[in-house]
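Q: Quick one: the structure is below, questions incoming.
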Amino acid sequence: MKLLIINGPNINLLGVREKHIYGNESYEDLLRFIDEACQKAGVEHECFQSNHEGDIVDKIQQALGVFDGIVINPAAYTHTSVAILDALKAVNLPAVEVHLSDISQREEFRKISYAGMACQATFAGLGFKGYEKAILYLKELVK
Ligand code: CA2
């Protein structure tokens, strides 16, 4: 089983600012966390981060026939991107949405998630742990 783990814009800057919201740890720390979680779960994975909406759409399209599921934190594109929603619907792979922060308890504009409309589950407000929950959720779903 192989999972694609996508992170959207500015996630590469984790730990630099807004630490009270996103924590002290860096994107490299997140990659290490995901690597360990996947090893423990016995699943293969690839991580992809981009600041560009079209690149994320391309990566989702290319996932078909290569990956068994997608874990996605579309970051700010969560709240704007119908293109990412459509790409997830188009490939129709099992997908789980993750957010470090609890988007339901923040500004009004963060309460809408387009990508979430094509996802089987959402884990928000759990920090890095949300990625592990998403990986385990997909492992159960796909087996
Ligand atoms: O809580 C999440 O995981 C988010 O997807 C993070 C996004 C935000 O736009 C979403 O509403 C919720 C932001 C990603 C990282 O943004 C940074 C901002 C300042 C410094 C470092 C990263």
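Going through the structure tokens in order, the chains are called A, B, and so on, while each chain numbers its residues from 1 and the ligands are numbered from 1 in the order shown.
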As a ChimeraX atom specification, please: every protein or nucleic acid residue near ligand 1 (cut-off 10 Å, counting only C-alpha atoms and all ligand atoms).
A: /A:7-19,21-24,26-27,72-79,97-104,106-107,109-113,123-128,130
Q: Leaving out Tyr114 in chain A and any residue of its chain fewer than 6 positions from it, which residues lie within 8 Å of it when counting only C-alpha atoms, given as a list in words?
A: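 Everything that qualifies: Thr78, His79, Thr80, Ser81, Val82, Ile84 and Leu85 of chain A.
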Q: Between CA of Ala115 in chain A and CA of Phe67 in chain A, what distance in Å does the model show, to one decimal?
A: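 Taking CA of Ala115 in chain A as the start and CA of Phe67 in chain A as the end point, the length is 18.0 Å.
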Q: From a DSSP calculation on the backbone, collect every residue of chain A in strand (DSSP E or B) and output the set as a list in words.
A: Lys2, Leu3, Leu4, Ile5, Ile6, Asn7, Glu44, His45, Glu46, Cys47, Phe48, Gln49, Gly69, Ile70, Val71, Ile72, Asn73, Ala95, Val96, Glu97, Val98, His99, Ala121, Thr122, Phe123 and Ala124 of chain A
Q: Please produce a file of the residues just selected, as a short mmCIF file (atom, residue, chain, number, x, y, z; two decimals), in the first residue's frame, where the atoms kept are C-alpha atoms.
A:
data_model
loop_
_atom_site.label_atom_id
_atom_site.label_comp_id
_atom_site.auth_asym_id
_atom_site.auth_seq_id
_atom_site.Cartn_x
_atom_site.Cartn_y
_atom_site.Cartn_z
CA LYS A 2 1.35 3.38 -1.00
CA LEU A 3 0.08 6.79 0.16
CA LEU A 4 0.63 10.22 -1.36
CA ILE A 5 0.93 12.93 1.28
CA ILE A 6 0.36 16.43 -0.07
CA ASN A 7 1.03 19.71 1.74
CA GLU A 44 4.95 3.16 1.72
CA HIS A 45 4.61 6.86 1.07
CA GLU A 46 5.74 9.88 -0.88
CA CYS A 47 5.53 13.45 0.44
CA PHE A 48 4.89 16.37 -1.90
CA GLN A 49 4.74 20.06 -0.97
CA GLY A 69 -4.82 6.89 -1.18
CA ILE A 70 -4.11 10.56 -0.56
CA VAL A 71 -3.54 12.49 2.66
CA ILE A 72 -3.88 16.19 1.91
CA ASN A 73 -3.39 19.43 3.80
CA ALA A 95 -8.56 10.82 0.46
CA VAL A 96 -8.29 12.25 3.96
CA GLU A 97 -7.93 15.94 4.81
CA VAL A 98 -5.58 17.09 7.57
CA HIS A 99 -5.16 20.49 9.23
CA ALA A 121 -12.50 12.06 6.74
CA THR A 122 -10.93 15.19 8.24
CA PHE A 123 -8.49 15.44 11.15
CA ALA A 124 -8.05 19.03 12.31
#
Q: CA of Lys133 in chain A and CA of Ala83 in chain A are how many Å apart?
A: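 Interatomic distance, CA of Lys133 in chain A to CA of Ala83 in chain A: 25.5 Å.
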Q: From chain A, collect each residue whose DSSP state is alpha helix (DSSP H) and return the set as a PyMOL selection string.
A: chain A and resi 19-22+27-41+53-62+82-91+129-142
Q: Take the residues from that selection and write them out as a compact mmCIF listing (two decimals), in the first residue's frame, keeping N, CA and C atoms.
A:
# COMPACT_ATOMS: atom_id res chain seq x y z
N LYS A 19 3.82 30.48 15.51
CA LYS A 19 4.10 29.24 16.25
C LYS A 19 2.98 28.92 17.23
N HIS A 20 2.28 29.97 17.68
CA HIS A 20 1.17 29.75 18.61
C HIS A 20 0.02 29.00 17.93
N ILE A 21 -0.02 29.08 16.59
CA ILE A 21 -1.09 28.37 15.85
C ILE A 21 -0.59 27.03 15.31
N TYR A 22 0.61 27.04 14.69
CA TYR A 22 1.07 25.84 13.98
C TYR A 22 2.18 25.07 14.69
N TYR A 27 9.01 22.00 8.79
CA TYR A 27 8.51 21.07 7.77
C TYR A 27 9.37 19.79 7.75
N GLU A 28 10.68 19.96 7.97
CA GLU A 28 11.57 18.78 8.01
C GLU A 28 11.17 17.87 9.18
N ASP A 29 10.79 18.48 10.31
CA ASP A 29 10.30 17.68 11.45
C ASP A 29 9.03 16.93 11.05
N LEU A 30 8.15 17.61 10.30
CA LEU A 30 6.91 16.96 9.86
C LEU A 30 7.23 15.76 8.95
N LEU A 31 8.19 15.96 8.03
CA LEU A 31 8.57 14.86 7.13
C LEU A 31 9.07 13.65 7.92
N ARG A 32 9.87 13.94 8.95
CA ARG A 32 10.39 12.85 9.81
C ARG A 32 9.25 12.15 10.55
N PHE A 33 8.31 12.97 11.05
CA PHE A 33 7.15 12.42 11.78
C PHE A 33 6.35 11.48 10.87
N ILE A 34 6.11 11.95 9.63
CA ILE A 34 5.32 11.16 8.67
C ILE A 34 6.05 9.87 8.31
N ASP A 35 7.37 10.00 8.12
CA ASP A 35 8.19 8.84 7.79
C ASP A 35 8.05 7.77 8.88
N GLU A 36 8.17 8.19 10.13
CA GLU A 36 8.06 7.25 11.27
C GLU A 36 6.67 6.64 11.34
N ALA A 37 5.64 7.50 11.15
CA ALA A 37 4.25 7.01 11.23
C ALA A 37 4.00 5.96 10.14
N CYS A 38 4.53 6.20 8.95
CA CYS A 38 4.32 5.25 7.84
C CYS A 38 5.09 3.96 8.08
N GLN A 39 6.30 4.09 8.62
CA GLN A 39 7.08 2.88 8.93
C GLN A 39 6.34 2.01 9.94
N LYS A 40 5.84 2.68 11.00
CA LYS A 40 5.10 1.96 12.06
C LYS A 40 3.87 1.27 11.49
N ALA A 41 3.19 1.97 10.56
CA ALA A 41 1.95 1.44 9.97
C ALA A 41 2.24 0.41 8.87
N GLU A 53 -1.00 26.03 -6.87
CA GLU A 53 -2.25 25.27 -7.01
C GLU A 53 -2.18 24.27 -8.16
N GLY A 54 -1.73 24.72 -9.33
CA GLY A 54 -1.69 23.84 -10.51
C GLY A 54 -0.77 22.65 -10.32
N ASP A 55 0.33 22.86 -9.60
CA ASP A 55 1.26 21.74 -9.34
C ASP A 55 0.59 20.69 -8.45
N ILE A 56 -0.23 21.17 -7.52
CA ILE A 56 -0.95 20.23 -6.63
C ILE A 56 -1.99 19.47 -7.45
N VAL A 57 -2.68 20.17 -8.35
CA VAL A 57 -3.66 19.51 -9.24
C VAL A 57 -2.95 18.46 -10.09
N ASP A 58 -1.79 18.82 -10.69
CA ASP A 58 -1.02 17.86 -11.51
C ASP A 58 -0.65 16.62 -10.70
N LYS A 59 -0.19 16.85 -9.47
CA LYS A 59 0.26 15.72 -8.63
C LYS A 59 -0.91 14.79 -8.31
N ILE A 60 -2.07 15.38 -8.02
CA ILE A 60 -3.26 14.55 -7.73
C ILE A 60 -3.62 13.72 -8.97
N GLN A 61 -3.60 14.36 -10.13
CA GLN A 61 -3.93 13.63 -11.37
C GLN A 61 -2.96 12.47 -11.60
N GLN A 62 -1.67 12.71 -11.32
CA GLN A 62 -0.64 11.69 -11.56
C GLN A 62 -0.71 10.54 -10.54
N VAL A 82 -11.51 25.14 -5.94
CA VAL A 82 -12.42 24.18 -6.57
C VAL A 82 -11.61 23.26 -7.50
N ALA A 83 -10.47 23.75 -7.99
CA ALA A 83 -9.61 22.94 -8.88
C ALA A 83 -9.07 21.72 -8.13
N ILE A 84 -8.64 21.91 -6.88
CA ILE A 84 -8.15 20.77 -6.09
C ILE A 84 -9.31 19.83 -5.75
N LEU A 85 -10.46 20.39 -5.41
CA LEU A 85 -11.66 19.56 -5.17
C LEU A 85 -11.96 18.70 -6.41
N ASP A 86 -11.98 19.33 -7.58
CA ASP A 86 -12.31 18.60 -8.82
C ASP A 86 -11.28 17.52 -9.13
N ALA A 87 -10.00 17.82 -8.87
CA ALA A 87 -8.93 16.83 -9.13
C ALA A 87 -9.12 15.61 -8.22
N LEU A 88 -9.44 15.87 -6.94
CA LEU A 88 -9.66 14.75 -6.01
C LEU A 88 -10.86 13.92 -6.46
N LYS A 89 -11.91 14.61 -6.92
CA LYS A 89 -13.10 13.89 -7.41
C LYS A 89 -12.77 13.11 -8.67
N ALA A 90 -11.95 13.71 -9.53
CA ALA A 90 -11.62 13.08 -10.82
C ALA A 90 -10.86 11.77 -10.64
N VAL A 91 -9.86 11.76 -9.75
CA VAL A 91 -9.08 10.52 -9.58
C VAL A 91 -9.83 9.51 -8.72
N LYS A 129 -0.01 14.90 14.77
CA LYS A 129 -0.76 13.66 15.05
C LYS A 129 -1.89 13.42 14.03
N GLY A 130 -2.44 14.50 13.49
CA GLY A 130 -3.52 14.38 12.50
C GLY A 130 -3.07 13.60 11.27
N TYR A 131 -1.79 13.76 10.89
CA TYR A 131 -1.27 13.03 9.73
C TYR A 131 -1.23 11.53 10.03
N GLU A 132 -0.82 11.20 11.25
CA GLU A 132 -0.75 9.78 11.63
C GLU A 132 -2.15 9.17 11.63
N LYS A 133 -3.12 9.94 12.16
CA LYS A 133 -4.50 9.45 12.19
C LYS A 133 -5.01 9.22 10.77
N ALA A 134 -4.66 10.13 9.87
CA ALA A 134 -5.10 10.02 8.47
C ALA A 134 -4.47 8.78 7.81
N ILE A 135 -3.19 8.56 8.08
CA ILE A 135 -2.49 7.39 7.51
C ILE A 135 -3.16 6.09 8.00
N LEU A 136 -3.44 6.03 9.30
CA LEU A 136 -4.05 4.81 9.87
C LEU A 136 -5.48 4.63 9.36
N TYR A 137 -6.18 5.75 9.19
CA TYR A 137 -7.56 5.70 8.66
C TYR A 137 -7.55 5.10 7.25
N LEU A 138 -6.62 5.59 6.41
CA LEU A 138 -6.56 5.09 5.03
C LEU A 138 -6.10 3.64 4.99
N LYS A 139 -5.19 3.28 5.90
CA LYS A 139 -4.72 1.88 5.95
C LYS A 139 -5.91 0.95 6.19
N GLU A 140 -6.76 1.32 7.16
CA GLU A 140 -7.94 0.52 7.48
C GLU A 140 -8.92 0.48 6.31
N LEU A 141 -9.11 1.66 5.69
CA LEU A 141 -10.10 1.78 4.61
C LEU A 141 -9.70 0.97 3.37
N VAL A 142 -8.41 0.97 3.08
CA VAL A 142 -7.94 0.39 1.81
C VAL A 142 -7.74 -1.12 1.90
Q: Between CA of Met1 in chain A and CA of Val43 in chain A, measure the distance and give it in Å to one decimal.
A: 5.5 Å
